>>> print(open('query19.txt').read())   # compact mmCIF, N, CA and C atoms
# COMPACT_ATOMS: atom_id res chain seq x y z
N MET A 1 -10.25 6.89 -16.01
CA MET A 1 -10.75 8.08 -16.63
C MET A 1 -9.72 9.17 -16.37
N SER A 2 -9.39 9.92 -17.38
CA SER A 2 -8.36 10.91 -17.23
C SER A 2 -8.57 12.05 -18.19
N GLU A 3 -8.37 13.24 -17.72
CA GLU A 3 -8.36 14.41 -18.59
C GLU A 3 -6.92 14.86 -18.68
N SER A 4 -6.47 15.20 -19.88
CA SER A 4 -5.10 15.67 -20.01
C SER A 4 -5.03 17.14 -19.61
N LEU A 5 -3.86 17.53 -19.15
CA LEU A 5 -3.64 18.90 -18.71
C LEU A 5 -3.45 19.78 -19.93
N ASN A 6 -4.27 20.80 -20.06
CA ASN A 6 -4.20 21.71 -21.18
C ASN A 6 -3.96 23.11 -20.63
N GLN A 7 -2.78 23.67 -20.88
CA GLN A 7 -2.43 24.97 -20.32
C GLN A 7 -3.28 26.10 -20.88
N ALA A 8 -3.93 25.89 -22.06
CA ALA A 8 -4.76 26.94 -22.63
C ALA A 8 -6.02 27.15 -21.80
N GLU A 9 -6.45 26.11 -21.08
CA GLU A 9 -7.62 26.19 -20.23
C GLU A 9 -7.19 26.03 -18.78
N ASP A 10 -8.13 26.22 -17.88
CA ASP A 10 -7.84 25.92 -16.48
C ASP A 10 -7.57 24.43 -16.37
N PRO A 11 -6.44 24.04 -15.80
CA PRO A 11 -6.11 22.61 -15.73
C PRO A 11 -6.91 21.88 -14.65
N LYS A 12 -7.92 21.19 -15.08
CA LYS A 12 -8.69 20.33 -14.19
C LYS A 12 -8.27 18.91 -14.54
N LEU A 13 -8.07 18.12 -13.53
CA LEU A 13 -7.54 16.78 -13.74
C LEU A 13 -8.33 15.81 -12.88
N GLU A 14 -8.76 14.73 -13.48
CA GLU A 14 -9.43 13.66 -12.73
C GLU A 14 -8.86 12.33 -13.21
N TRP A 15 -8.50 11.48 -12.26
CA TRP A 15 -7.93 10.18 -12.62
C TRP A 15 -8.25 9.17 -11.53
N THR A 16 -8.18 7.91 -11.92
CA THR A 16 -8.49 6.82 -11.00
C THR A 16 -7.27 5.93 -10.83
N VAL A 17 -7.00 5.57 -9.59
CA VAL A 17 -5.92 4.63 -9.28
C VAL A 17 -6.56 3.45 -8.57
N HIS A 18 -6.29 2.26 -9.08
CA HIS A 18 -6.85 1.03 -8.49
C HIS A 18 -5.69 0.07 -8.23
N LEU A 19 -5.14 0.14 -7.03
CA LEU A 19 -3.95 -0.64 -6.70
C LEU A 19 -4.18 -2.14 -6.75
N ALA A 20 -5.37 -2.61 -6.42
CA ALA A 20 -5.64 -4.05 -6.44
C ALA A 20 -5.51 -4.62 -7.85
N LEU A 21 -5.89 -3.84 -8.85
CA LEU A 21 -5.74 -4.31 -10.23
C LEU A 21 -4.28 -4.34 -10.66
N GLU A 22 -3.48 -3.44 -10.10
CA GLU A 22 -2.06 -3.40 -10.42
C GLU A 22 -1.28 -4.49 -9.69
N GLN A 23 -1.82 -4.97 -8.57
CA GLN A 23 -1.13 -5.97 -7.75
C GLN A 23 -2.11 -7.08 -7.36
N PRO A 24 -2.52 -7.90 -8.34
CA PRO A 24 -3.56 -8.91 -8.07
C PRO A 24 -3.16 -9.96 -7.03
N ALA A 25 -1.89 -10.30 -6.92
CA ALA A 25 -1.47 -11.29 -5.93
C ALA A 25 -1.71 -10.76 -4.51
N LYS A 26 -1.36 -9.50 -4.29
CA LYS A 26 -1.60 -8.89 -2.98
C LYS A 26 -3.10 -8.77 -2.70
N ALA A 27 -3.87 -8.46 -3.73
CA ALA A 27 -5.32 -8.35 -3.57
C ALA A 27 -5.90 -9.70 -3.15
N ALA A 28 -5.42 -10.78 -3.74
CA ALA A 28 -5.90 -12.12 -3.38
C ALA A 28 -5.59 -12.43 -1.92
N VAL A 29 -4.41 -12.03 -1.45
CA VAL A 29 -4.04 -12.26 -0.06
C VAL A 29 -4.96 -11.47 0.87
N VAL A 30 -5.24 -10.22 0.53
CA VAL A 30 -6.12 -9.38 1.37
C VAL A 30 -7.52 -9.98 1.44
N ILE A 31 -8.04 -10.44 0.31
CA ILE A 31 -9.38 -11.06 0.30
C ILE A 31 -9.37 -12.35 1.12
N ALA A 32 -8.31 -13.14 0.99
CA ALA A 32 -8.21 -14.38 1.77
C ALA A 32 -8.19 -14.07 3.27
N VAL A 33 -7.43 -13.07 3.66
CA VAL A 33 -7.38 -12.68 5.08
C VAL A 33 -8.75 -12.19 5.55
N ALA A 34 -9.46 -11.46 4.70
CA ALA A 34 -10.81 -10.99 5.05
C ALA A 34 -11.76 -12.16 5.26
N ILE A 35 -11.66 -13.17 4.41
CA ILE A 35 -12.51 -14.35 4.55
C ILE A 35 -12.17 -15.09 5.84
N VAL A 36 -10.88 -15.27 6.12
CA VAL A 36 -10.47 -15.94 7.36
C VAL A 36 -10.97 -15.15 8.57
N ALA A 37 -10.85 -13.84 8.53
CA ALA A 37 -11.34 -13.01 9.64
C ALA A 37 -12.84 -13.19 9.83
N GLY A 38 -13.57 -13.28 8.74
CA GLY A 38 -15.01 -13.50 8.82
C GLY A 38 -15.35 -14.85 9.43
N VAL A 39 -14.64 -15.88 8.99
CA VAL A 39 -14.88 -17.23 9.52
C VAL A 39 -14.55 -17.29 11.01
N VAL A 40 -13.42 -16.71 11.40
CA VAL A 40 -13.01 -16.72 12.81
C VAL A 40 -14.02 -15.96 13.66
N THR A 41 -14.48 -14.81 13.18
CA THR A 41 -15.47 -14.03 13.93
C THR A 41 -16.78 -14.79 14.08
N ALA A 42 -17.24 -15.40 13.00
CA ALA A 42 -18.49 -16.17 13.06
C ALA A 42 -18.35 -17.35 14.01
N ALA A 43 -17.21 -18.03 13.97
CA ALA A 43 -16.99 -19.19 14.84
C ALA A 43 -16.85 -18.76 16.30
N ALA A 44 -16.16 -17.66 16.55
CA ALA A 44 -15.92 -17.22 17.92
C ALA A 44 -17.22 -16.84 18.63
N PHE A 45 -18.16 -16.29 17.89
CA PHE A 45 -19.41 -15.86 18.49
C PHE A 45 -20.57 -16.79 18.17
N SER A 46 -20.29 -17.90 17.51
CA SER A 46 -21.31 -18.90 17.14
C SER A 46 -22.50 -18.26 16.43
N ASN A 47 -22.18 -17.32 15.55
CA ASN A 47 -23.23 -16.64 14.80
C ASN A 47 -22.73 -16.43 13.37
N PRO A 48 -23.31 -17.18 12.42
CA PRO A 48 -22.83 -17.06 11.03
C PRO A 48 -22.97 -15.67 10.43
N LEU A 49 -23.93 -14.88 10.92
CA LEU A 49 -24.09 -13.53 10.39
C LEU A 49 -22.90 -12.62 10.73
N LEU A 50 -22.18 -12.96 11.80
CA LEU A 50 -21.03 -12.14 12.18
C LEU A 50 -19.83 -12.37 11.26
N PHE A 51 -19.97 -13.31 10.32
CA PHE A 51 -18.94 -13.47 9.29
C PHE A 51 -18.72 -12.12 8.60
N PHE A 52 -19.83 -11.44 8.31
CA PHE A 52 -19.74 -10.17 7.58
C PHE A 52 -19.03 -9.10 8.38
N LEU A 53 -19.15 -9.12 9.70
CA LEU A 53 -18.45 -8.16 10.54
C LEU A 53 -16.95 -8.31 10.36
N GLY A 54 -16.44 -9.50 10.57
CA GLY A 54 -15.00 -9.75 10.42
C GLY A 54 -14.51 -9.47 9.01
N PHE A 55 -15.29 -9.88 8.02
CA PHE A 55 -14.93 -9.68 6.62
C PHE A 55 -14.85 -8.19 6.30
N PHE A 56 -15.87 -7.42 6.68
CA PHE A 56 -15.90 -6.01 6.32
C PHE A 56 -14.95 -5.15 7.13
N VAL A 57 -14.54 -5.61 8.30
CA VAL A 57 -13.52 -4.87 9.05
C VAL A 57 -12.22 -4.87 8.24
N ILE A 58 -11.86 -6.01 7.69
CA ILE A 58 -10.63 -6.09 6.88
C ILE A 58 -10.81 -5.34 5.56
N VAL A 59 -11.92 -5.56 4.88
CA VAL A 59 -12.15 -4.88 3.60
C VAL A 59 -12.20 -3.36 3.80
N GLY A 60 -12.86 -2.90 4.84
CA GLY A 60 -12.95 -1.47 5.10
C GLY A 60 -11.60 -0.84 5.41
N SER A 61 -10.78 -1.57 6.16
CA SER A 61 -9.48 -1.01 6.52
C SER A 61 -8.48 -1.05 5.36
N THR A 62 -8.78 -1.81 4.33
CA THR A 62 -7.90 -1.87 3.15
C THR A 62 -8.59 -1.32 1.90
N ALA A 63 -9.62 -0.51 2.10
CA ALA A 63 -10.40 0.02 0.97
C ALA A 63 -9.55 0.81 -0.01
N ASP A 64 -8.57 1.57 0.48
CA ASP A 64 -7.70 2.33 -0.42
C ASP A 64 -6.97 1.43 -1.40
N PHE A 65 -6.71 0.21 -0.98
CA PHE A 65 -6.02 -0.75 -1.84
C PHE A 65 -7.01 -1.52 -2.72
N LEU A 66 -8.09 -2.00 -2.12
CA LEU A 66 -9.01 -2.89 -2.84
C LEU A 66 -9.93 -2.16 -3.82
N LEU A 67 -10.33 -0.96 -3.49
CA LEU A 67 -11.32 -0.24 -4.30
C LEU A 67 -10.66 0.85 -5.14
N PRO A 68 -11.30 1.23 -6.24
CA PRO A 68 -10.75 2.34 -7.03
C PRO A 68 -10.79 3.65 -6.25
N VAL A 69 -9.74 4.43 -6.40
CA VAL A 69 -9.64 5.73 -5.75
C VAL A 69 -9.73 6.80 -6.85
N VAL A 70 -10.78 7.59 -6.81
CA VAL A 70 -10.97 8.65 -7.80
C VAL A 70 -10.42 9.94 -7.20
N GLN A 71 -9.51 10.58 -7.94
CA GLN A 71 -8.85 11.79 -7.47
C GLN A 71 -9.12 12.91 -8.45
N ARG A 72 -9.26 14.11 -7.91
CA ARG A 72 -9.59 15.25 -8.77
C ARG A 72 -8.87 16.49 -8.26
N ILE A 73 -8.36 17.27 -9.20
CA ILE A 73 -7.78 18.57 -8.92
C ILE A 73 -8.53 19.57 -9.79
N ASP A 74 -9.09 20.60 -9.15
CA ASP A 74 -9.82 21.63 -9.90
C ASP A 74 -9.65 22.97 -9.20
N GLU A 75 -10.41 23.96 -9.64
CA GLU A 75 -10.28 25.32 -9.10
C GLU A 75 -10.63 25.41 -7.62
N GLU A 76 -11.43 24.48 -7.12
CA GLU A 76 -11.83 24.49 -5.71
C GLU A 76 -10.76 23.91 -4.80
N GLY A 77 -10.09 22.85 -5.25
CA GLY A 77 -9.09 22.17 -4.42
C GLY A 77 -8.82 20.77 -4.94
N ALA A 78 -8.39 19.91 -4.03
CA ALA A 78 -8.08 18.53 -4.37
C ALA A 78 -9.06 17.62 -3.64
N THR A 79 -9.51 16.58 -4.35
CA THR A 79 -10.48 15.64 -3.79
C THR A 79 -10.01 14.23 -4.03
N ARG A 80 -10.22 13.40 -3.03
CA ARG A 80 -9.89 11.97 -3.11
C ARG A 80 -11.11 11.21 -2.62
N LYS A 81 -11.61 10.29 -3.46
CA LYS A 81 -12.85 9.59 -3.13
C LYS A 81 -12.64 8.08 -3.24
N VAL A 82 -12.96 7.38 -2.13
CA VAL A 82 -12.92 5.92 -2.08
C VAL A 82 -14.27 5.47 -1.56
N ALA A 83 -15.04 4.80 -2.41
CA ALA A 83 -16.39 4.36 -2.05
C ALA A 83 -17.19 5.55 -1.51
N LEU A 84 -17.63 5.48 -0.25
CA LEU A 84 -18.42 6.56 0.34
C LEU A 84 -17.58 7.62 1.04
N SER A 85 -16.29 7.37 1.16
CA SER A 85 -15.39 8.29 1.86
C SER A 85 -14.83 9.33 0.89
N VAL A 86 -15.03 10.60 1.24
CA VAL A 86 -14.53 11.69 0.41
C VAL A 86 -13.65 12.58 1.28
N THR A 87 -12.42 12.81 0.81
CA THR A 87 -11.50 13.72 1.48
C THR A 87 -11.24 14.88 0.53
N ARG A 88 -11.43 16.09 1.02
CA ARG A 88 -11.30 17.27 0.16
C ARG A 88 -10.50 18.34 0.90
N MET A 89 -9.69 19.05 0.14
CA MET A 89 -8.95 20.17 0.72
C MET A 89 -8.99 21.32 -0.27
N ARG A 90 -9.42 22.48 0.22
CA ARG A 90 -9.44 23.69 -0.61
C ARG A 90 -8.03 24.25 -0.71
N TRP A 91 -7.77 25.00 -1.78
CA TRP A 91 -6.42 25.55 -1.99
C TRP A 91 -6.01 26.50 -0.88
N ASP A 92 -6.95 27.22 -0.29
CA ASP A 92 -6.57 28.15 0.78
C ASP A 92 -6.20 27.42 2.07
N GLU A 93 -6.47 26.13 2.16
CA GLU A 93 -6.10 25.34 3.34
C GLU A 93 -4.72 24.70 3.20
N VAL A 94 -4.20 24.64 1.98
CA VAL A 94 -2.93 23.94 1.73
C VAL A 94 -1.76 24.82 2.19
N LYS A 95 -1.01 24.32 3.16
CA LYS A 95 0.17 25.04 3.66
C LYS A 95 1.47 24.44 3.15
N ARG A 96 1.46 23.13 2.90
CA ARG A 96 2.66 22.45 2.40
C ARG A 96 2.28 21.42 1.34
N VAL A 97 3.19 21.22 0.40
CA VAL A 97 3.05 20.18 -0.62
C VAL A 97 4.27 19.28 -0.48
N ILE A 98 4.03 18.01 -0.15
CA ILE A 98 5.11 17.07 0.06
C ILE A 98 5.07 16.05 -1.07
N VAL A 99 6.07 16.10 -1.93
CA VAL A 99 6.13 15.21 -3.09
C VAL A 99 6.89 13.95 -2.71
N GLY A 100 6.26 12.81 -2.96
CA GLY A 100 6.89 11.53 -2.71
C GLY A 100 7.09 10.76 -4.00
N GLU A 101 7.53 9.54 -3.88
CA GLU A 101 7.80 8.72 -5.06
C GLU A 101 6.51 8.30 -5.77
N GLU A 102 5.46 7.98 -5.00
CA GLU A 102 4.23 7.47 -5.60
C GLU A 102 3.08 8.47 -5.60
N GLY A 103 3.26 9.59 -4.88
CA GLY A 103 2.18 10.55 -4.82
C GLY A 103 2.60 11.84 -4.15
N VAL A 104 1.62 12.69 -3.92
CA VAL A 104 1.87 13.99 -3.31
C VAL A 104 0.87 14.20 -2.17
N LYS A 105 1.37 14.74 -1.07
CA LYS A 105 0.51 15.01 0.09
C LYS A 105 0.31 16.51 0.18
N LEU A 106 -0.94 16.92 0.22
CA LEU A 106 -1.30 18.31 0.45
C LEU A 106 -1.65 18.43 1.92
N SER A 107 -0.90 19.22 2.65
CA SER A 107 -1.05 19.30 4.10
C SER A 107 -1.54 20.67 4.55
N PRO A 108 -2.44 20.69 5.53
CA PRO A 108 -2.89 21.96 6.10
C PRO A 108 -1.96 22.45 7.22
N LEU A 109 -0.92 21.66 7.52
CA LEU A 109 0.00 22.00 8.61
C LEU A 109 1.25 22.66 8.04
N GLU A 110 1.68 23.75 8.66
CA GLU A 110 2.87 24.45 8.18
C GLU A 110 4.15 23.68 8.44
N ARG A 111 4.17 22.89 9.51
CA ARG A 111 5.34 22.08 9.86
C ARG A 111 4.90 20.65 10.12
N SER A 112 5.84 19.74 9.97
CA SER A 112 5.57 18.34 10.27
C SER A 112 5.34 18.18 11.78
N SER A 113 4.36 17.35 12.12
CA SER A 113 4.06 17.09 13.53
C SER A 113 3.49 15.68 13.67
N ARG A 114 3.13 15.33 14.88
CA ARG A 114 2.51 14.02 15.10
C ARG A 114 1.17 13.89 14.38
N LEU A 115 0.53 15.01 14.09
CA LEU A 115 -0.76 14.99 13.41
C LEU A 115 -0.61 14.83 11.89
N SER A 116 0.58 15.04 11.35
CA SER A 116 0.79 15.05 9.90
C SER A 116 0.20 13.85 9.17
N PRO A 117 0.39 12.62 9.66
CA PRO A 117 -0.16 11.48 8.92
C PRO A 117 -1.69 11.47 8.84
N PHE A 118 -2.35 12.19 9.73
CA PHE A 118 -3.81 12.16 9.80
C PHE A 118 -4.48 13.37 9.17
N ARG A 119 -3.71 14.31 8.70
CA ARG A 119 -4.25 15.55 8.15
C ARG A 119 -3.85 15.69 6.70
N GLY A 120 -4.72 16.21 5.89
CA GLY A 120 -4.40 16.49 4.50
C GLY A 120 -5.00 15.48 3.54
N VAL A 121 -4.58 15.63 2.28
CA VAL A 121 -5.05 14.76 1.20
C VAL A 121 -3.84 14.19 0.50
N TYR A 122 -3.80 12.86 0.36
CA TYR A 122 -2.72 12.19 -0.37
C TYR A 122 -3.25 11.77 -1.73
N LEU A 123 -2.60 12.26 -2.78
CA LEU A 123 -2.99 11.93 -4.15
C LEU A 123 -1.90 11.05 -4.77
N ARG A 124 -2.28 9.87 -5.19
CA ARG A 124 -1.34 9.00 -5.91
C ARG A 124 -1.22 9.48 -7.34
N PHE A 125 -0.01 9.40 -7.89
CA PHE A 125 0.22 9.89 -9.24
C PHE A 125 -0.46 9.04 -10.31
N GLY A 126 -0.45 7.73 -10.15
CA GLY A 126 -1.08 6.87 -11.15
C GLY A 126 -0.52 7.07 -12.55
N GLY A 127 0.79 7.26 -12.65
CA GLY A 127 1.41 7.43 -13.96
C GLY A 127 1.29 8.83 -14.53
N GLN A 128 0.80 9.78 -13.75
CA GLN A 128 0.60 11.15 -14.24
C GLN A 128 1.31 12.17 -13.35
N LYS A 129 2.50 11.84 -12.92
CA LYS A 129 3.21 12.70 -11.97
C LYS A 129 3.33 14.13 -12.47
N ASP A 130 3.81 14.33 -13.69
CA ASP A 130 4.02 15.69 -14.20
C ASP A 130 2.72 16.47 -14.27
N ALA A 131 1.66 15.85 -14.79
CA ALA A 131 0.38 16.53 -14.92
C ALA A 131 -0.20 16.90 -13.55
N VAL A 132 -0.07 16.00 -12.59
CA VAL A 132 -0.59 16.26 -11.24
C VAL A 132 0.17 17.43 -10.60
N LEU A 133 1.49 17.40 -10.66
CA LEU A 133 2.28 18.47 -10.06
C LEU A 133 2.06 19.81 -10.76
N GLN A 134 1.90 19.79 -12.09
CA GLN A 134 1.62 21.03 -12.81
C GLN A 134 0.27 21.61 -12.41
N ALA A 135 -0.74 20.75 -12.29
CA ALA A 135 -2.07 21.23 -11.90
C ALA A 135 -2.06 21.81 -10.49
N ILE A 136 -1.37 21.16 -9.57
CA ILE A 136 -1.27 21.67 -8.20
C ILE A 136 -0.58 23.02 -8.20
N GLU A 137 0.53 23.13 -8.91
CA GLU A 137 1.27 24.39 -8.97
C GLU A 137 0.40 25.50 -9.57
N TYR A 138 -0.31 25.19 -10.66
CA TYR A 138 -1.17 26.18 -11.32
C TYR A 138 -2.22 26.73 -10.36
N TRP A 139 -2.95 25.84 -9.69
CA TRP A 139 -4.05 26.28 -8.83
C TRP A 139 -3.55 26.97 -7.58
N ARG A 140 -2.44 26.52 -7.02
CA ARG A 140 -1.90 27.19 -5.83
C ARG A 140 -1.43 28.60 -6.18
N GLU A 141 -0.75 28.74 -7.32
CA GLU A 141 -0.28 30.07 -7.74
C GLU A 141 -1.48 30.98 -8.03
N ARG A 142 -2.48 30.43 -8.69
CA ARG A 142 -3.66 31.24 -9.02
C ARG A 142 -4.38 31.67 -7.75
N HIS A 143 -4.48 30.77 -6.79
CA HIS A 143 -5.13 31.12 -5.53
C HIS A 143 -4.33 32.17 -4.78
N ALA A 144 -3.01 32.00 -4.74
CA ALA A 144 -2.14 32.96 -4.03
C ALA A 144 -2.24 34.34 -4.69
N ALA A 145 -2.32 34.37 -6.02
CA ALA A 145 -2.45 35.65 -6.73
C ALA A 145 -3.79 36.30 -6.41
N GLY A 146 -4.84 35.49 -6.26
CA GLY A 146 -6.16 36.01 -5.95
C GLY A 146 -6.26 36.59 -4.56
N LEU A 147 -5.40 36.14 -3.64
CA LEU A 147 -5.43 36.65 -2.28
C LEU A 147 -4.97 38.10 -2.20
N GLY A 148 -4.09 38.50 -3.13
CA GLY A 148 -3.54 39.84 -3.09
C GLY A 148 -4.46 40.89 -3.66
N GLU A 149 -5.52 40.50 -4.32
CA GLU A 149 -6.42 41.46 -4.95
C GLU A 149 -7.39 42.08 -3.98
>>> encode(input="query19.txt", output="structure tokens")
Amino acid sequence: MSESLNQAEDPKLEWTVHLALEQPAKAAVVIAVAIVAGVVTAAAFSNPLLFFLGFFVIVGSTADFLLPVVQRIDEEGATRKVALSVTRMRWDEVKRVIVGEEGVKLSPLERSSRLSPFRGVYLRFGGQKDAVLQAIEYWRERHAAGLGE
């Protein structure tokens, strides 16, 4: 699902990135490892119900890859949603924008530190690099202009 960026209106953008669909061979390996982890856990504790524990530990830790990631940029900030996990950052919290090859990281930290990997919102471009960067620039500039009033 995607809305195109329209400069005549406030640029709100929502898109979905599903890496497992883009890389089915890797997805098959992750699912196979999850099944093996479930079998090993069930066997180690002699309890077949614990299969689900081992299985879901792997699935949960790879959810960003296996499940669709819905990302949104709007007047409030940037949001990234994977299953029940929602990460959101308001524009007034964004101190740095770090553009990478596959996505952009919005960070609340003014400088890079040991906490950097654990703070902020990472948005994958999903083939919409220009639109994503334009929307981020638009809302950050608009927010910065609003602070001076």
>>> residues_around(input="query19.txt", residues="A:Leu109", least_positions_apart="3", cutoff="6 Å", atoms="only N, CA and C atoms", output="list of chain:residue names")
A:Lys95, A:Arg96, A:Ser112
>>> atom_distance(input="query19.txt", atom1="atom C of A:Glu14", atom2="atom N of A:Val59")
25.6 Å
>>> residues_around(input="query19.txt", residues="stretch 27-43 of chain A", least_positions_apart="5", cutoff="6.5 Å", atoms="only N, CA and C atoms", output="PyMOL selection string")
chain A and resi 20+48-56+58-59
>>> write_last_selection(input="query19.txt", atoms="N, CA and C atoms", output="short mmCIF file (atom, residue, chain, number, x, y, z; two decimals), keeping the file's coordinate frame")
data_model
loop_
_atom_site.label_atom_id
_atom_site.label_comp_id
_atom_site.auth_asym_id
_atom_site.auth_seq_id
_atom_site.Cartn_x
_atom_site.Cartn_y
_atom_site.Cartn_z
N ALA A 20 -5.37 -2.61 -6.42
CA ALA A 20 -5.64 -4.05 -6.44
C ALA A 20 -5.51 -4.62 -7.85
N PRO A 48 -23.31 -17.18 12.42
CA PRO A 48 -22.83 -17.06 11.03
C PRO A 48 -22.97 -15.67 10.43
N LEU A 49 -23.93 -14.88 10.92
CA LEU A 49 -24.09 -13.53 10.39
C LEU A 49 -22.90 -12.62 10.73
N LEU A 50 -22.18 -12.96 11.80
CA LEU A 50 -21.03 -12.14 12.18
C LEU A 50 -19.83 -12.37 11.26
N PHE A 51 -19.97 -13.31 10.32
CA PHE A 51 -18.94 -13.47 9.29
C PHE A 51 -18.72 -12.12 8.60
N PHE A 52 -19.83 -11.44 8.31
CA PHE A 52 -19.74 -10.17 7.58
C PHE A 52 -19.03 -9.10 8.38
N LEU A 53 -19.15 -9.12 9.70
CA LEU A 53 -18.45 -8.16 10.54
C LEU A 53 -16.95 -8.31 10.36
N GLY A 54 -16.44 -9.50 10.57
CA GLY A 54 -15.00 -9.75 10.42
C GLY A 54 -14.51 -9.47 9.01
N PHE A 55 -15.29 -9.88 8.02
CA PHE A 55 -14.93 -9.68 6.62
C PHE A 55 -14.85 -8.19 6.30
N PHE A 56 -15.87 -7.42 6.68
CA PHE A 56 -15.90 -6.01 6.32
C PHE A 56 -14.95 -5.15 7.13
N ILE A 58 -11.86 -6.01 7.69
CA ILE A 58 -10.63 -6.09 6.88
C ILE A 58 -10.81 -5.34 5.56
N VAL A 59 -11.92 -5.56 4.88
CA VAL A 59 -12.15 -4.88 3.60
C VAL A 59 -12.20 -3.36 3.80
#
>>> closest_residue(input="query19.txt", among="A:Gly120, A:Leu13, A:Trp139, A:Ala83", to="A:Ala63", atoms="all atoms listed in the file")
A:Ala83
>>> closest_residue(input="query19.txt", among="A:Val17, A:Ile98, A:Ile73, A:Ala78", to="A:Gly127", atoms="all atoms listed in the file")
A:Val17
>>> atom_distance(input="query19.txt", atom1="atom N of A:Phe125", atom2="atom C of A:Gly100")
8.2 Å
